[in-house]
Structures are given as C-alpha cells and as structure tokens.
Amino acid sequence: MQTKIFHIKACHNLPPDPNWREQLINLLGSKPRRLSSWCELGMYGALKCLNNSEQIPASDISLFATTLPHAAIPATTRLPTPQIPINRLSSEVSLRVFSEYGTIAATRSALGQACEYLPMPFTFMQTQPGQLFNALGTTLGWHGDGYSTTYENRQQGEVALLNSFKQSALLAWVDEERELISRWIWLEEATLSPKANEFNELKWQVVESIFQTSGVARWLKVDATQHIFAAL
Amino acid sequence: MTSVYISGVGLVSSMGANLGEALRHLYNPPEPEQRSIRGLDFPVPYYAIPPIASATAISWHERCEALIRQVAAEAGNISNTGGLYLASSSLNVGAMEAGENHAKSLPDFLTQLGKMLDWQGPVVWINTACTSGLNAILAAEMAIQSGFIQDALIIGLELENNLTLAGFAGMQLLSPDKARPFATRRSGLVLGEAVAAIALSKQPSQWRIAGGAQVVDSSQVSGASTTAYQAMLQLTLARAKIMAGQIGLIKVQAAGSVPNDAVEAAALCNFFSRVPPLLSLKTFLGHTLGASGAAELALLLAILEQQQWPNIQLDVDTLDVSLGVNFAAELPQQLQHILVSNLGFGGSHTCIALEHTAADTCSRSQGRRA
C-alpha cells in the first residue's frame with residue numbers, strides 16, 4: 001500500500017449535545033419523520049459536519065429539500081426557519097458509516113411487535129440502516145454510493161477505507177448503544193504527491209482513529225505501515 | 001489498476017445443498033414451502049433450505065456454521081488471511097428469535113463468523129439491504145486493488161426468521177402464491193433463504209470484475225427509480241469501459257413486484273436501444289435479500305459454466321407486454337460481458353459488470369470454478 005494524504009474538508013467529532021434532537025429539527029427545518037433513532041442520530045452528525053465545511057459559499061445558502069418542503073408545512077405546526085444553512089452534497093461523495101450496534105434498538109422494537117402481530121411497516125423499515133442514506137439523499141439532493149459497515153476491528157476498517165478511497169468521502173461512526181456517537185469526517189484525496197514539500201513540512205501526529213482527529217486538523221495521512229496521522 | 005477475478009463460487013439454497021444440486025433442479029425446481037405468519041390471514045410461500053441430512057435439531061448458530069462452511073468449501077481452496085466480507089440484512093435475528101445466546105454487538109458477531117471459518121484476516125459486514133451482496137463484492141474488489149488484502153471471500157447470508165417474513169407481510173410486499181416477474185399477474189415477492197460464497201482473487205480466472213456502481217436514490221424508500229437505474233447502468237459501463245451494445249446478458253432484479261418490475265423494465269428500455277437478453281433467478285431461489293447478490297451470481301456463473309439455461313421466457317398470455325421486455329429463451333452465445341444487478345431497500349441500485357476471459361481456472365481451485 002502507498003502513502004495517501006487527504007484534505008479534511010469538514011469534521012464533527014463531538015459528543016451529541018443533550019438537545020441534539022431539537023438541533024436536528026432546526027437543521028432540517030421540520031421534524032424528521034418515520035426515521036429510526038439511529039438514523040436521526042446519523043443525520044444530526046452528518047449535518048453538523050457539513051455545516052462545518054469550509055466550502056459552504058454564502059451565495060449557496062439554501063433551505064434544501066426535506067421530505068416535506070418547509071413552505072408546505074402548515075403554519076401552525078411550522079418550526080422556526082432553520083438557522084444553519086445546509087449545502088447540497090455532490091453525488092461524487094461516497095458515504096461510509098461504521099457502526100458497532102447498528103439499528104439494534106429498532107430491531108428490538110420490531111421483534112417485539114412481530115411477537116404479537118405484523119410489525120408496523122415503518123418500524124420494520126427502521127431496522128435497515130439503508131434508511132440513513134435515503135434520508136441524507138432526500139435532505140442533501142445526493143445520489144451517490146453509500147453503505148453501513150462494521151469491521152471486527154474498526155481501526156483496521158478505517159485503514160481499509162482510506163486505502164480504497166475514491167476522491168471524496170464522508171466517513172462516519174454512528175452508534176446509540178452505551179453512548180451516543182455520531183462522528184463524521186469529510187475527506188478529499190490530495191491531488192499533490194505525498195512526497196511534495198508541502199506535506200513534508202507538516203507536523204504529522206499519529207491518531208488512533210480518524211474519528212479522534214482534532215477539529216482543527218486539516219490533513220490526514222495513511223502510510224504503508226497502516227498508521228494514520230493528522231496534521232494542522 | 002489491478003484486475004480482480006471471481007475464483008470460486010458456492011451456494012446452499014432451496015435448490016439444494018450445492019450448485020450441482022441446484023443445476024439438477026433447474027428444469028424442475030422444488031416448490032416453495034408454506035409459512036403462516038401471525039397477523040396474516042393466509043399462508044405465504046417461502047423458499048427454505050432443505051434440512052441438513054445428518055442433523056435432527058440444531059441451533060441457529062450450528063446451522064449457520066454448517067452452511068457457511070459448506071459454501072466456503074464449495075468455493076474452493078481459499079486463503080484464510082484475506083478479507084471475509086459478510087453480506088446480510090437480517091444477520092442473526094433468527095438466533096434472537098430462538099432465544100439463543102447471541103452476539104451483543106456487530107463486531108462480536110463478526111468474530112463468531114470468523115471463528116466458524118478459522119479466519120485470520122479482516123472480517124467485514126456490508127449492509128445495503130438487498131444489494132448487500134453486490135456491494136460487498138465491490139468493496140472487496142477495491143480493498144484488493146488497494147493492496148489492503150490479497151484476496152477475499154464474500155459470504156451472502158440470509159436465514160429464515162419470523163421478523164423478515166412478518167415485516168414484508170406487513171408492508172404488503174409478499175405474493176400469496178407465486179413470484180411472477182414481468183408477468184401481468186405479478187403479485188409480489190416470494191422470500192427465500194440462502195447462503196452463498198464468492199471468492200475473489202488477483203489470480204486470473206474466467207470472469208473478471210470489469211466495473212460496478214451503486215446509486216442511492218431517495219425518491220422512494222422501498223422502491224426503484226428509472227433515473228437511478230439508468231445512472232447505475234451508465235456508471236457501471238463507464239467504469240468497465242464497455243459500450244451498451246457489448247452487453248450479452250443481464251441478470252436483472254425482476255422479483256415479481258408490481259411497481260419495481262415496471263420501473264426496471266422502463267429503465268432498461270430507455271437505456272438500451274436493444275435490450276440485451278435478460279434472466280431472473282428469483283423464481284428459483286426466491287428473493288434472498290442480503291444474500292441475493294452473492295447467491296444469484298453464484299447460480300448464474302454455474303449456469304453459464306454448465307451451458308444450461310432455465311427457460312423462463314413468458315408466453316404472450318402471461319407476459320405484461322406493456323413492460324416491453326421478456327426473458328431470454330435460450331442461453332446467449334459467446335458471452336463476453338454480462339451485467340448483474342440488484343435493487344434494495346433505501347433506494348439502493350447496484351450493478352456489477354463481468355468480463356469473460358480466456359483464462360483456464362483448472363489449476364486455481366479445487367472447488368467449483370467460476
């Protein structure tokens with residue numbers, strides 16, 4: 001494997017705020033409907049990450065499309081206009097979401113319902129993590145490729161995904177068991193050679209996980225020894 | 001770019017304990033069993049794997065291990081230091097329902113899976129619902145090309161459980177009697193269980209993965225989209241560097257869904273000036289969900305290797321002529337490029353292009369060649 005260097009376009013690796021659900025409503029402009037709690041948590045982290053993107057031009061502030069256009073929501077139930085602009089996401093960006101428990105909470109609910117009767121359709125659909133990509137596609141106008149994945153060893157998985165990278169990707173770790181986690185990082189492969197002077201002058205520091213990268217880091221590197229480094 | 005080849009395939013399904021049995025049943029496939037679901041007034045057909053001969057009552061985990069070991073063995077002599085990719089949408093839900101002691105986290109389940117095959121390399125789960133198998137193949141291909149792993153084994157795993165059947169029944173997606181892809185009287189899906197293995201290697205063999213693409217479309221949560229389907233085809237052909245006219249066969253989704261069959265047919269008619277020969281394998285295996293990509297690919301390659309052809313072409317009284325497509329009556333000759341596609345919940349559309357090579361696979365694998 002060769003050394004690869006990535007530009008960190010945006011990153012959100014903080015624990016969800018206690019009022020993260022309210023923040024998500026504000027980010028979306030309406031209450032998310034019929035999504036699993038895992039999916040909502042993923043949406044929250046993704047939108048926080050994208051809002052940290054340095055590439056949101058002021059002229060491109062748009063109130064994106066949710067399942068219900070904001071203007072279509074009755075005024076009596078309409079929530080305040082979203083305060084935070086959200087960019088559209090290019091379909092060239094791949095989405096990869098790590099999870100160690102996945103949609104287990106929704107699966108438990110569906111299993112409980114199925115013991116009594118047919119599970120409710122939306123409960124059953126919530127058992128599938130693919131709902132997250134569908135919801136992000138609706139919100140961001142994105143039509144790219146995405147999947148949820150679990151590695152027996154997540155750090156090994158991070159190295160694998162960095163090595164099989166295609167230009168630009170949003171990588172995430174989303175979990176709702178034990179603790180709430182929704183960490184997202186948007187990476188773009190550097191076009192310059194890793195041997196270029198610009199990169200040699202950076203102070204690289206080993207990081208155990210791409211999801212522990214400092215919020216101010218600008219660059220990420222994976223080398224032939226499968227170690228991951230970050231630099232300002 | 002390093003080429004990646006399919007070096008071996010294996011399948012356990014309602015058609016039998018291996019691909020040899022499946023091919024023997026190709027012209028006289030077993031009838032699906034009937035399943036009663038709590039809350040549903042009528043039983044539904046289900047393509048179940050026949051009981052393991054030597055076993056009377058075995059646990060979900062024991063059955064899972066026996067079936068996985070069986071398909072891995074059939075796929076050939078595989079190094080256990082490569083990547084082990086699991087494609088499944090229901091995972092171990094059957095073990096949960098049975099009250100068995102089950103893995104409490106996904107990495108723990110992958111550890112169990114690795115132990116079943118004495119696996120030393122990385123173990124990975126890919127989930128995009130019914131397109132999981134094809135996306136796992138694409139993920140493994142990229143990992144091999146990057147040098148992260150040398151080879152890979154993809155396991156498609158979908159074992160019977162009540163939640164999946166009841167969930168599909170609750171969504172009113174199941175046919176009460178039979179899957180009828182592209183037919184006027186199509187009335188929904190018939191589910192099935194399968195365990196399949198696809199071995200990938202850099203060692204040249206008959207089928208090379210020429211390219212592939214996944215497109216997620218959010219306009220429908222559980223349905224297909226013509227726009228996304230066509231984008232998937234376009235991306236696949238571009239990455240495979242082949243023209244639409246070079247495609248000799250497409251293994252389509254065609255599961256018998258009233259809306260999705262129509263969407264798929266419309267996309268094919270829009271995209272191709274002349275739609276290539278089509279084949280669907282869901283009337284044989286049922287819809288095996290997360291395993292379907294691997295299971296249908298394994299059966300397809302066995303069919304092509306043995307030069308057999310399941311004639312599922314619909315007659316004029318049965319075919320929904322408004323769709324503008326039908327299945328091929330005969331095995332297409334001199335196949336150089338084929339497409340394998342699946343559609344999945346969440347708006348996932350995935351396709352893989354395979355290129356036939358002149359490579360001789362006899363020395364590569366002691367198992368079933370691909």
# chains A, B, ... in the order shown; residues from 1 in each chain; ligands from 1

$ interface_residues --of "chain B" --to "chain A" --cutoff "7 Å" --atoms "only C-alpha atoms" --output "count of residues only"
34

$ residues_around --residues "range 37-41 of chain A" --least-positions-apart "6" --cutoff "8 Å" --atoms "only C-alpha atoms" --output "MDAnalysis selection string"
chainID A and resid 21 24 102:103 105:106 129 131:132 174:176 180:182

$ closest_residue --among "B:Leu173, B:Ala210, B:Leu319, B:Leu91" --to "Ile242 in chain B" --atoms "only C-alpha atoms"
B:Ala210

$ atom_distance --atom1 "CA of Val340 in chain B" --atom2 "CA of Trp309 in chain B"
16.3 Å

$ residues_around --residues "Leu299 in chain B" --least-positions-apart "6" --cutoff "8 Å" --atoms "only C-alpha atoms" --output "PDB file with C-alpha atoms, in the first residue's frame"
ATOM      1  CA  LEU B  11     -24.392 -21.884  -2.871  1.00  0.00           C
ATOM      2  CA  LEU B  19     -24.562 -25.756  -7.014  1.00  0.00           C
ATOM      3  CA  ALA B  22     -29.184 -26.519  -7.882  1.00  0.00           C
TER       4      ALA B  22
END

$ select_by_dssp --residues "range 28-226 of chain A" --states "strand (DSSP E or B)" --output "VMD selection string"
chain A and resid 62 86 94 to 98 146 to 151 168 to 175 181 to 189 205 to 207 219 to 222

$ write_last_selection --atoms "C-alpha atoms" --output "PDB file, in the first residue's frame"
ATOM      1  CA  SER A  62     -30.392  27.026   0.522  1.00  0.00           C
ATOM      2  CA  ILE A  86     -27.006  23.310   4.727  1.00  0.00           C
ATOM      3  CA  SER A  94     -19.230   8.394  -1.102  1.00  0.00           C
ATOM      4  CA  LEU A  95     -20.790   7.749   2.305  1.00  0.00           C
ATOM      5  CA  ARG A  96     -19.371   5.083   4.625  1.00  0.00           C
ATOM      6  CA  VAL A  97     -20.897   4.664   8.066  1.00  0.00           C
ATOM      7  CA  PHE A  98     -19.280   2.473  10.702  1.00  0.00           C
ATOM      8  CA  GLY A 146     -23.147   4.602   0.430  1.00  0.00           C
ATOM      9  CA  TYR A 147     -23.260   1.749   2.873  1.00  0.00           C
ATOM     10  CA  SER A 148     -23.076   0.979   6.534  1.00  0.00           C
ATOM     11  CA  THR A 149     -20.260  -1.271   7.573  1.00  0.00           C
ATOM     12  CA  THR A 150     -18.807  -2.991  10.583  1.00  0.00           C
ATOM     13  CA  TYR A 151     -15.291  -4.281  10.901  1.00  0.00           C
ATOM     14  CA  SER A 168     -14.100  12.265  -1.795  1.00  0.00           C
ATOM     15  CA  ALA A 169     -15.988  10.576   1.018  1.00  0.00           C
ATOM     16  CA  LEU A 170     -17.896  11.262   4.177  1.00  0.00           C
ATOM     17  CA  LEU A 171     -16.873   8.716   6.770  1.00  0.00           C
ATOM     18  CA  ALA A 172     -18.862   8.299   9.944  1.00  0.00           C
ATOM     19  CA  TRP A 173     -19.188   6.353  13.136  1.00  0.00           C
ATOM     20  CA  VAL A 174     -22.767   6.236  14.395  1.00  0.00           C
ATOM     21  CA  ASP A 175     -23.935   4.305  17.468  1.00  0.00           C
ATOM     22  CA  ILE A 181     -21.867   8.643  18.916  1.00  0.00           C
ATOM     23  CA  SER A 182     -22.232  10.473  15.627  1.00  0.00           C
ATOM     24  CA  ARG A 183     -18.799  11.455  14.421  1.00  0.00           C
ATOM     25  CA  TRP A 184     -18.323  12.466  10.816  1.00  0.00           C
ATOM     26  CA  ILE A 185     -15.342  13.470   8.746  1.00  0.00           C
ATOM     27  CA  TRP A 186     -15.322  14.634   5.141  1.00  0.00           C
ATOM     28  CA  LEU A 187     -12.137  13.741   3.321  1.00  0.00           C
ATOM     29  CA  GLU A 188     -10.861  14.501  -0.124  1.00  0.00           C
ATOM     30  CA  GLU A 189      -7.781  12.822  -1.518  1.00  0.00           C
ATOM     31  CA  GLN A 205       0.930  13.171  14.639  1.00  0.00           C
ATOM     32  CA  VAL A 206      -0.290   9.609  14.960  1.00  0.00           C
ATOM     33  CA  VAL A 207      -4.024   9.282  15.633  1.00  0.00           C
ATOM     34  CA  TRP A 219      -4.748  16.931   6.761  1.00  0.00           C
ATOM     35  CA  LEU A 220      -4.891  13.187   7.273  1.00  0.00           C
ATOM     36  CA  LYS A 221      -2.411  10.588   6.111  1.00  0.00           C
ATOM     37  CA  VAL A 222      -2.324   6.787   5.997  1.00  0.00           C
TER      38      VAL A 222
END

$ residues_around --residues "Gln306 in chain B" --least-positions-apart "4" --cutoff "12 Å" --atoms "only C-alpha atoms" --output "list in words"
Leu19, Gly20, Ala22, Leu23, Arg24, Leu26, Leu299, Leu300, Leu301, Ala302, Pro310, Leu331, Arg368, Arg369 and Ala370 of chain B

$ write_last_selection --atoms "C-alpha atoms" --output "short mmCIF file (atom, residue, chain, number, x, y, z; two decimals), in the first residue's frame"
data_model
loop_
_atom_site.label_atom_id
_atom_site.label_comp_id
_atom_site.auth_asym_id
_atom_site.auth_seq_id
_atom_site.Cartn_x
_atom_site.Cartn_y
_atom_site.Cartn_z
CA LEU B 19 -24.56 -25.76 -7.01
CA GLY B 20 -24.56 -29.23 -8.55
CA ALA B 22 -29.18 -26.52 -7.88
CA LEU B 23 -28.37 -27.16 -11.53
CA ARG B 24 -30.06 -30.56 -11.40
CA LEU B 26 -33.03 -26.07 -12.78
CA LEU B 299 -26.03 -19.69 -9.61
CA LEU B 300 -25.64 -17.58 -12.74
CA LEU B 301 -21.97 -18.48 -13.17
CA ALA B 302 -22.72 -22.16 -12.59
CA PRO B 310 -33.65 -22.11 -17.43
CA LEU B 331 -28.54 -19.25 -23.49
CA ARG B 368 -16.44 -25.05 -8.09
CA ARG B 369 -14.80 -22.94 -10.73
CA ALA B 370 -16.24 -19.63 -11.67
#

$ atom_distance --atom1 "CA of Pro276 in chain B" --atom2 "CA of Val252 in chain B"
10.8 Å

$ closest_residue --among "B:Ala169, B:Leu278, B:Ile58, B:Leu335" --to "Glu305 in chain B" --atoms "only C-alpha atoms"
B:Leu335

$ closest_residue --among "B:Asn28, B:Ser132, B:Thr350, B:Ser187" --to "Ser90 in chain B" --atoms "only C-alpha atoms"
B:Ser132

$ atom_distance --atom1 "CA of Ser36 in chain A" --atom2 "CA of Glu97 in chain B"
20.8 Å

$ select_by_dssp --residues "range 194-346 of chain B" --states "alpha helix (DSSP H)" --output "PyMOL selection string"
chain B and resi 226-240+258-271+282-285+292-305

$ residues_around --residues "Lys203 in chain A" --least-positions-apart "4" --cutoff "12 Å" --atoms "only C-alpha atoms" --output "PDB file with C-alpha atoms, in the first residue's frame"
ATOM      1  CA  GLU A 198       4.164  20.994   1.189  1.00  0.00           C
ATOM      2  CA  PHE A 199       3.342  17.763   3.005  1.00  0.00           C
ATOM      3  CA  ALA A 217      -6.607  19.340  11.829  1.00  0.00           C
ATOM      4  CA  ARG A 218      -6.535  19.998   8.082  1.00  0.00           C
ATOM      5  CA  TRP A 219      -4.748  16.931   6.761  1.00  0.00           C
ATOM      6  CA  LEU A 220      -4.891  13.187   7.273  1.00  0.00           C
ATOM      7  CA  LYS A 221      -2.411  10.588   6.111  1.00  0.00           C
ATOM      8  CA  PHE A 229      -1.581  10.599  11.034  1.00  0.00           C
ATOM      9  CA  ALA A 230      -3.148  14.042  11.271  1.00  0.00           C
ATOM     10  CA  ALA A 231      -1.637  17.479  10.764  1.00  0.00           C
ATOM     11  CA  LEU A 232      -2.747  21.071  11.097  1.00  0.00           C
TER      12      LEU A 232
END
